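Structure data (compact mmCIF, C-alpha atoms) from start34.txt:
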# COMPACT_ATOMS: atom_id res chain seq x y z
CA MET A 1 59.77 73.28 -30.26
CA LYS A 2 57.37 72.69 -33.10
CA ILE A 3 56.34 75.59 -35.32
CA SER A 4 53.72 75.67 -38.02
CA THR A 5 54.40 77.32 -41.36
CA THR A 6 52.22 77.97 -44.37
CA ARG A 7 54.79 76.83 -46.90
CA PHE A 8 56.68 74.06 -45.13
CA GLY A 9 54.06 72.57 -42.82
CA ASP A 10 54.96 71.82 -39.21
CA ILE A 11 58.66 71.89 -38.47
CA GLU A 12 60.63 70.97 -35.40
CA VAL A 13 63.05 73.74 -34.46
CA GLU A 14 65.90 73.39 -32.00
CA ASP A 15 66.32 76.45 -29.83
CA SER A 16 69.95 76.68 -30.91
CA LYS A 17 68.85 77.14 -34.55
CA LYS A 18 66.68 80.18 -33.87
CA ILE A 19 67.93 83.33 -35.53
CA ILE A 20 67.23 86.48 -33.58
CA PHE A 21 66.74 89.86 -35.24
CA PRO A 22 66.75 92.15 -32.17
CA ASP A 23 65.22 95.01 -34.21
CA GLY A 24 63.08 92.84 -36.45
CA ILE A 25 63.22 93.37 -40.21
CA LEU A 26 61.97 96.49 -41.99
CA GLY A 27 58.27 95.95 -42.62
CA PHE A 28 58.13 93.27 -39.92
CA GLU A 29 59.49 95.11 -36.93
CA ASN A 30 57.48 93.00 -34.47
CA LEU A 31 58.81 89.68 -35.69
CA LYS A 32 62.17 88.91 -34.10
CA GLU A 33 62.61 85.16 -34.36
CA TYR A 34 63.26 83.25 -37.56
CA ILE A 35 64.69 80.02 -38.79
CA LEU A 36 66.77 79.71 -41.91
CA ILE A 37 65.58 77.11 -44.38
CA ARG A 38 67.81 76.36 -47.34
CA SER A 39 65.82 75.70 -50.46
CA ASN A 40 67.83 72.49 -50.88
CA ASP A 41 71.28 71.35 -49.78
CA SER A 42 73.37 73.16 -52.35
CA SER A 43 70.93 75.88 -53.25
CA VAL A 44 71.77 79.57 -53.33
CA PHE A 45 68.20 80.24 -52.15
CA TYR A 46 67.09 80.43 -48.54
CA TRP A 47 63.95 81.27 -46.64
CA LEU A 48 63.86 83.25 -43.46
CA GLN A 49 60.76 81.72 -41.94
CA SER A 50 59.21 83.67 -39.10
CA ILE A 51 58.66 81.60 -35.97
CA GLU A 52 56.02 84.05 -34.77
CA ASN A 53 53.98 84.31 -37.97
CA SER A 54 53.48 81.15 -40.01
CA ASN A 55 52.70 83.10 -43.21
CA ILE A 56 55.87 85.13 -43.31
CA ALA A 57 58.90 83.65 -45.03
CA ILE A 58 61.29 86.06 -46.67
CA ALA A 59 62.99 84.69 -49.77
CA CYS A 60 66.73 85.35 -49.88
CA MET A 61 69.69 84.34 -51.94
CA ASP A 62 73.45 84.25 -51.78
CA PRO A 63 74.34 87.58 -53.42
CA LEU A 64 77.65 86.26 -54.79
CA ASN A 65 75.58 84.30 -57.25
CA VAL A 66 74.41 87.48 -58.97
CA CYS A 67 77.19 89.91 -58.08
CA ASP A 68 80.69 88.35 -58.24
CA ASN A 69 82.57 90.81 -56.08
CA TYR A 70 79.80 91.76 -53.67
CA SER A 71 81.46 93.08 -50.52
CA PRO A 72 79.18 95.27 -48.43
CA VAL A 73 80.84 97.30 -45.69
CA ILE A 74 79.35 96.43 -42.31
CA ASP A 75 79.36 99.45 -40.01
CA GLU A 76 81.05 99.37 -36.61
CA ASP A 77 77.75 99.66 -34.70
CA SER A 78 76.36 96.58 -36.40
CA ILE A 79 79.57 94.65 -35.76
CA LYS A 80 79.15 95.47 -32.07
CA GLU A 81 75.41 94.77 -32.01
CA LEU A 82 75.84 91.35 -33.56
CA ASP A 83 79.07 90.74 -31.61
CA ILE A 84 80.94 89.78 -34.77
CA LYS A 85 84.43 88.51 -33.97
CA GLN A 86 85.02 86.17 -36.87
CA PRO A 87 84.05 87.78 -40.18
CA GLU A 88 84.28 84.40 -41.92
CA LYS A 89 81.41 83.15 -39.74
CA VAL A 90 79.05 85.79 -41.08
CA LEU A 91 76.41 84.70 -43.55
CA VAL A 92 75.30 87.41 -45.97
CA LEU A 93 71.98 87.01 -47.76
CA CYS A 94 69.96 89.37 -49.92
CA VAL A 95 66.20 89.63 -50.23
CA VAL A 96 64.68 88.39 -53.49
CA VAL A 97 61.61 89.85 -55.16
CA ILE A 98 59.87 87.86 -57.90
CA PRO A 99 57.33 89.92 -59.83
CA LYS A 100 54.72 88.46 -62.21
CA ASP A 101 57.32 88.47 -64.97
CA ILE A 102 59.93 86.20 -63.42
CA MET A 103 62.61 87.54 -65.77
CA LYS A 104 62.35 90.78 -63.85
CA THR A 105 63.34 89.12 -60.56
CA THR A 106 65.49 91.40 -58.43
CA VAL A 107 67.75 91.12 -55.39
CA ASN A 108 68.17 93.88 -52.82
CA LEU A 109 71.93 94.38 -52.71
CA ALA A 110 71.55 97.74 -50.94
CA ALA A 111 70.26 96.18 -47.71
CA PRO A 112 71.85 92.77 -47.05
CA ILE A 113 70.82 90.50 -44.21
CA ILE A 114 73.80 89.73 -42.03
CA ILE A 115 73.71 86.66 -39.81
CA ASN A 116 76.43 86.01 -37.24
CA THR A 117 76.37 82.22 -37.31
CA THR A 118 78.35 81.95 -34.07
CA ASN A 119 75.50 83.38 -31.98
CA ASN A 120 72.60 83.47 -34.51
CA ARG A 121 72.04 87.18 -34.10
CA ALA A 122 71.08 88.95 -37.28
CA LYS A 123 70.23 92.27 -38.80
CA GLN A 124 69.29 93.80 -42.10
CA ILE A 125 71.80 96.53 -42.82
CA VAL A 126 70.87 99.44 -45.03
CA LEU A 127 74.20 100.29 -46.63
CA GLN A 128 75.40 103.85 -46.65
CA ASP A 129 77.36 103.38 -49.86
CA ASP A 130 75.57 104.02 -53.10
CA VAL A 131 77.32 101.30 -55.04
CA TYR A 132 74.70 98.54 -54.81
CA SER A 133 71.23 98.53 -56.27
CA LEU A 134 68.11 97.98 -54.24
CA ARG A 135 66.56 96.17 -57.18
CA HIS A 136 69.43 94.41 -58.89
CA PHE A 137 68.18 92.28 -61.78
CA VAL A 138 69.03 88.60 -61.57
CA PHE A 139 68.76 88.20 -65.33
CA LYS A 140 70.30 90.54 -67.85
CA GLN A 141 67.38 92.53 -69.14
CA ASN A 142 66.40 91.81 -72.76
CA GLU A 143 68.03 88.39 -72.33
CA VAL A 144 65.88 85.54 -73.62
CA VAL A 145 65.98 82.28 -71.68
CA MET Y 146 62.17 123.07 -38.80
CA LEU Y 147 65.05 125.45 -39.37
CA ILE Y 148 65.06 126.72 -42.93
CA LEU Y 149 68.18 128.22 -44.51
CA THR Y 150 68.82 129.49 -48.01
CA ARG Y 151 72.18 128.57 -49.53
CA LYS Y 152 73.92 129.23 -52.86
CA LYS Y 153 76.28 127.00 -54.78
CA ASP Y 154 79.53 126.33 -52.86
CA GLU Y 155 78.07 127.63 -49.62
CA GLN Y 156 78.07 125.48 -46.54
CA ILE Y 157 76.14 124.60 -43.43
CA ILE Y 158 77.90 123.44 -40.28
CA ILE Y 159 76.11 121.20 -37.81
CA SER Y 160 77.46 120.90 -34.26
CA SER Y 161 81.02 121.81 -35.34
CA ASN Y 162 81.93 118.44 -36.85
CA ILE Y 163 79.49 118.01 -39.72
CA SER Y 164 79.65 120.21 -42.79
CA ILE Y 165 77.27 120.17 -45.69
CA THR Y 166 78.25 121.81 -48.97
CA ILE Y 167 75.97 122.64 -51.88
CA LEU Y 168 78.09 121.41 -54.79
CA GLU Y 169 75.80 121.81 -57.74
CA ILE Y 170 72.34 123.12 -58.50
CA SER Y 171 70.69 122.18 -61.77
CA ASN Y 172 67.00 122.32 -62.62
CA ASP Y 173 65.27 120.26 -59.92
CA LYS Y 174 68.40 118.55 -58.55
CA VAL Y 175 70.85 119.57 -55.86
CA LYS Y 176 74.19 117.83 -55.40
CA ILE Y 177 75.26 117.88 -51.77
CA GLY Y 178 78.61 117.00 -50.21
CA ILE Y 179 78.68 115.91 -46.58
CA ASP Y 180 81.74 115.77 -44.33
CA ALA Y 181 81.01 113.99 -41.09
CA PRO Y 182 82.74 111.71 -38.59
CA LYS Y 183 82.68 108.03 -39.52
CA ASP Y 184 80.15 107.09 -36.87
CA VAL Y 185 77.53 109.49 -38.23
CA LYS Y 186 75.17 107.52 -40.43
CA ILE Y 187 73.89 109.19 -43.56
CA PHE Y 188 71.23 107.69 -45.80
CA ARG Y 189 68.95 108.64 -48.61
CA SER Y 190 65.67 108.38 -46.74
CA GLU Y 191 63.82 106.49 -49.47
CA LEU Y 192 66.22 103.55 -49.04
CA PHE Y 193 64.39 102.53 -45.88
CA GLU Y 194 60.94 102.75 -47.40
CA ASP Y 195 62.05 100.88 -50.55
CA THR Y 196 63.78 98.16 -48.54
CA LYS Y 197 60.65 97.73 -46.43
CA GLN Y 198 58.69 97.38 -49.67
CA THR Y 199 61.04 94.70 -51.07
CA ASN Y 200 60.88 92.78 -47.77
CA ILE Y 201 57.09 92.80 -47.86
CA GLU Y 202 57.01 91.73 -51.51
CA SER Y 203 59.53 88.97 -50.79
CA SER Y 204 57.51 87.60 -47.88
CA SER Y 205 54.67 86.45 -50.11
CA ILE Y 206 56.76 84.51 -52.63
CA SER Y 207 55.66 80.90 -53.10
CA ILE Y 208 57.90 77.83 -53.14
CA GLU Y 209 56.79 77.26 -56.74
CA ALA Y 210 58.05 80.70 -57.79
CA ILE Y 211 61.49 79.97 -56.32
CA GLU Y 212 61.58 76.58 -58.05
CA THR Y 213 60.72 78.21 -61.38
CA LEU Y 214 63.40 80.81 -60.79
CA LYS Y 215 65.97 78.10 -60.07
CA LYS Y 216 65.19 76.38 -63.37
CA LYS Y 217 65.52 79.66 -65.29
CA LEU Y 218 68.84 80.37 -63.59
CA LYS Y 219 70.18 76.94 -64.55
CA LYS Y 220 69.44 77.75 -68.19
CA LYS Y 221 71.25 81.05 -67.95
Let's see the structure in the file written out as structure tokens.
Amino acid sequence: MKISTTRFGDIEVEDSKKIIFPDGILGFENLKEYILIRSNDSSVFYWLQSIENSNIAIACMDPLNVCDNYSPVIDEDSIKELDIKQPEKVLVLCVVVIPKDIMKTTVNLAAPIIINTTNNRAKQIVLQDDVYSLRHFVFKQNEVV
Amino acid sequence: MLILTRKKDEQIIISSNISITILEISNDKVKIGIDAPKDVKIFRSELFEDTKQTNIESSSISIEAIETLKKKLKKK
């Protein structure tokens, strides 16, 4: 099927590539279908482009790029909901926020997006543990680039 | 809403398998300890609202902003 997007123009999407968020994503509870667009082949950045709303693309990144030992605990209910059988087939992404001052860019490590790549079912999990920040700075603050 | 008054080190029991202990009271902060079965989910409620906010902010990011960010990260 062909979908139209504000950022990427018209794109052809195979049904098998659709990522389903059965509960939607916080803030976009009504949007359940997305496609994952990697910013480029080797990039740590991804877009979750809504299939149902051309304007909505959530910017995400591989959290390991900003937090070396990131290892969120996925609760049993979510493992069941997403039917996760092979943990190594799970893609973990975190939502990026870029404010006006780009040096204050943050990543939400407290609520990762978990995609089971074997069935393309996904969910944003709000972690119970307090260890990860909701607005984790990508750049060391007071660092000059 | 049921309202109870508790002192430091006092507890509240909910349906026999959840216990809440007031560990510390200082100025305008209360430290609470919760013992509950593993399948009971416990969150700070603002986490949901704040995550919703970051999702909404993220959804309006432009391709250009991500490209600029990539360049800055390369320089890091």
Of the candidates A:Val73, A:Ile84, A:Ala122, A:Cys60, which one gets nearest to chain Y if we count all atoms listed in the file? A:Cys60
I need the chain Y residues near chain A as a PyMOL selection string; criterion: at most 6 Å, counting all atoms listed in the file. chain Y and resi 188+197+203-204
Go ahead and compute the interatomic distance for CA of Lys219 in chain Y and CA of Ser207 in chain Y, in Å to one decimal.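 Spanning CA of Lys219 in chain Y to CA of Ser207 in chain Y is a straight-line distance of 18.9 Å.
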Near-Asp180 in chain Y list (7 Å; all atoms listed in the file; drop same-chain fewer than 3 positions) as number ranges by chain: Y: 163-165
Could you write out that same residue set with C-alpha atoms as a JSON list (two decimals), in the frame of the given file?
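again.json, written as the output of this step:
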[["chain", "number", "residue", "atom", "x", "y", "z"],
["Y", 163, "ILE", "CA", 79.49, 118.01, -39.72],
["Y", 164, "SER", "CA", 79.65, 120.21, -42.79],
["Y", 165, "ILE", "CA", 77.27, 120.17, -45.69]]
I'd like the contact shell of Asp15 in chain A - 10 Å cut-off, only C-alpha atoms, skipping same-chain residues fewer than 3 positions apart - returned as a ChimeraX atom specification. /A:1,12,18-19,35
Long-range neighbours of Thr117 in chain A as a PyMOL selection string, 9 Å cut-off, only C-alpha atoms, 3 positions minimum in chain: chain A and resi 19+89-91+120-122
Do you have the CA of Lys215 in chain Y-CA of Asp68 in chain A distance handy?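 CA of Asp68 in chain A lies 18.0 Å from CA of Lys215 in chain Y.
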Atomic distance CA of Glu88 in chain A - CA of Lys123 in chain A, expressed in Å with one decimal: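 Interatomic distance here is 16.4 Å.
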Might I get the box with edges along x, y and z of the file that holds all atoms of range 194-197 of chain Y listed there, padded by 3 Å on every side, given as centre and edge lengths in Å to one decimal, as lines of an AutoDock Vina configuration file?
center_x = 62.2
center_y = 100.2
center_z = -48.5
size_x = 9.1
size_y = 11.0
size_z = 10.1
Could you complete range 57-91 of chain A so that it carries N, CA and C atoms, and give it back as an mmCIF file, in the frame of the given file?
data_model
loop_
_atom_site.group_PDB
_atom_site.id
_atom_site.type_symbol
_atom_site.label_atom_id
_atom_site.label_comp_id
_atom_site.auth_asym_id
_atom_site.auth_seq_id
_atom_site.Cartn_x
_atom_site.Cartn_y
_atom_site.Cartn_z
ATOM 1 N N ALA A 57 57.582 84.225 -44.732
ATOM 2 C CA ALA A 57 58.900 83.650 -45.030
ATOM 3 C C ALA A 57 59.517 84.547 -46.088
ATOM 4 N N ILE A 58 60.646 85.124 -45.756
ATOM 5 C CA ILE A 58 61.290 86.060 -46.670
ATOM 6 C C ILE A 58 62.285 85.283 -47.541
ATOM 7 N N ALA A 59 62.122 85.414 -48.842
ATOM 8 C CA ALA A 59 62.990 84.690 -49.770
ATOM 9 C C ALA A 59 64.300 85.445 -49.943
ATOM 10 N N CYS A 60 65.404 84.713 -49.787
ATOM 11 C CA CYS A 60 66.730 85.350 -49.880
ATOM 12 C C CYS A 60 67.619 84.510 -50.776
ATOM 13 N N MET A 61 68.706 85.125 -51.216
ATOM 14 C CA MET A 61 69.690 84.340 -51.940
ATOM 15 C C MET A 61 71.102 84.802 -51.628
ATOM 16 N N ASP A 62 72.041 83.920 -51.937
ATOM 17 C CA ASP A 62 73.450 84.250 -51.780
ATOM 18 C C ASP A 62 73.783 85.302 -52.856
ATOM 19 N N PRO A 63 74.147 86.503 -52.439
ATOM 20 C CA PRO A 63 74.340 87.580 -53.420
ATOM 21 C C PRO A 63 75.511 87.329 -54.366
ATOM 22 N N LEU A 64 76.479 86.511 -53.936
ATOM 23 C CA LEU A 64 77.650 86.260 -54.790
ATOM 24 C C LEU A 64 77.249 85.565 -56.085
ATOM 25 N N ASN A 65 76.081 84.961 -56.055
ATOM 26 C CA ASN A 65 75.580 84.300 -57.250
ATOM 27 C C ASN A 65 75.158 85.269 -58.348
ATOM 28 N N VAL A 66 74.850 86.490 -57.959
ATOM 29 C CA VAL A 66 74.410 87.480 -58.970
ATOM 30 C C VAL A 66 75.351 88.680 -59.045
ATOM 31 N N CYS A 67 76.280 88.771 -58.099
ATOM 32 C CA CYS A 67 77.190 89.910 -58.080
ATOM 33 C C CYS A 67 78.545 89.385 -57.570
ATOM 34 N N ASP A 68 79.437 89.064 -58.524
ATOM 35 C CA ASP A 68 80.690 88.350 -58.240
ATOM 36 C C ASP A 68 81.501 88.912 -57.074
ATOM 37 N N ASN A 69 81.644 90.236 -57.079
ATOM 38 C CA ASN A 69 82.570 90.810 -56.080
ATOM 39 C C ASN A 69 81.816 91.569 -54.995
ATOM 40 N N TYR A 70 80.629 91.078 -54.671
ATOM 41 C CA TYR A 70 79.800 91.760 -53.670
ATOM 42 C C TYR A 70 80.526 91.798 -52.324
ATOM 43 N N SER A 71 80.778 92.972 -51.819
ATOM 44 C CA SER A 71 81.460 93.080 -50.520
ATOM 45 C C SER A 71 80.957 94.288 -49.754
ATOM 46 N N PRO A 72 79.762 94.151 -49.162
ATOM 47 C CA PRO A 72 79.180 95.270 -48.430
ATOM 48 C C PRO A 72 80.024 95.607 -47.196
ATOM 49 N N VAL A 73 80.102 96.874 -46.883
ATOM 50 C CA VAL A 73 80.840 97.300 -45.690
ATOM 51 C C VAL A 73 79.880 97.294 -44.502
ATOM 52 N N ILE A 74 80.195 96.489 -43.501
ATOM 53 C CA ILE A 74 79.350 96.430 -42.310
ATOM 54 C C ILE A 74 79.849 97.473 -41.316
ATOM 55 N N ASP A 75 78.952 98.354 -40.895
ATOM 56 C CA ASP A 75 79.360 99.450 -40.010
ATOM 57 C C ASP A 75 79.728 98.943 -38.615
ATOM 58 N N GLU A 76 80.532 99.754 -37.934
ATOM 59 C CA GLU A 76 81.050 99.370 -36.610
ATOM 60 C C GLU A 76 79.929 99.064 -35.609
ATOM 61 N N ASP A 77 78.856 99.872 -35.635
ATOM 62 C CA ASP A 77 77.750 99.660 -34.700
ATOM 63 C C ASP A 77 77.133 98.269 -34.883
ATOM 64 N N SER A 78 76.959 97.887 -36.132
ATOM 65 C CA SER A 78 76.360 96.580 -36.400
ATOM 66 C C SER A 78 77.288 95.460 -35.970
ATOM 67 N N ILE A 79 78.590 95.660 -36.187
ATOM 68 C CA ILE A 79 79.570 94.650 -35.760
ATOM 69 C C ILE A 79 79.464 94.449 -34.245
ATOM 70 N N LYS A 80 79.305 95.553 -33.528
ATOM 71 C CA LYS A 80 79.150 95.470 -32.070
ATOM 72 C C LYS A 80 77.824 94.819 -31.691
ATOM 73 N N GLU A 81 76.746 95.295 -32.337
ATOM 74 C CA GLU A 81 75.410 94.770 -32.010
ATOM 75 C C GLU A 81 75.331 93.258 -32.194
ATOM 76 N N LEU A 82 75.929 92.780 -33.274
ATOM 77 C CA LEU A 82 75.840 91.350 -33.560
ATOM 78 C C LEU A 82 77.014 90.583 -32.933
ATOM 79 N N ASP A 83 77.906 91.324 -32.273
ATOM 80 C CA ASP A 83 79.070 90.740 -31.610
ATOM 81 C C ASP A 83 79.890 89.895 -32.589
ATOM 82 N N ILE A 84 80.187 90.496 -33.736
ATOM 83 C CA ILE A 84 80.940 89.780 -34.770
ATOM 84 C C ILE A 84 82.428 89.808 -34.437
ATOM 85 N N LYS A 85 82.994 88.598 -34.250
ATOM 86 C CA LYS A 85 84.430 88.510 -33.970
ATOM 87 C C LYS A 85 85.153 87.774 -35.084
ATOM 88 N N GLN A 86 84.414 86.914 -35.775
ATOM 89 C CA GLN A 86 85.020 86.170 -36.870
ATOM 90 C C GLN A 86 84.232 86.480 -38.158
ATOM 91 N N PRO A 87 84.774 87.384 -38.964
ATOM 92 C CA PRO A 87 84.050 87.780 -40.180
ATOM 93 C C PRO A 87 83.703 86.596 -41.085
ATOM 94 N N GLU A 88 84.550 85.548 -41.037
ATOM 95 C CA GLU A 88 84.280 84.400 -41.920
ATOM 96 C C GLU A 88 83.066 83.588 -41.456
ATOM 97 N N LYS A 89 82.584 83.867 -40.247
ATOM 98 C CA LYS A 89 81.410 83.150 -39.740
ATOM 99 C C LYS A 89 80.115 83.934 -39.985
ATOM 100 N N VAL A 90 80.233 84.976 -40.798
ATOM 101 C CA VAL A 90 79.050 85.790 -41.080
ATOM 102 C C VAL A 90 78.422 85.332 -42.391
ATOM 103 N N LEU A 91 77.136 85.082 -42.340
ATOM 104 C CA LEU A 91 76.410 84.700 -43.550
ATOM 105 C C LEU A 91 75.690 85.940 -44.081
#
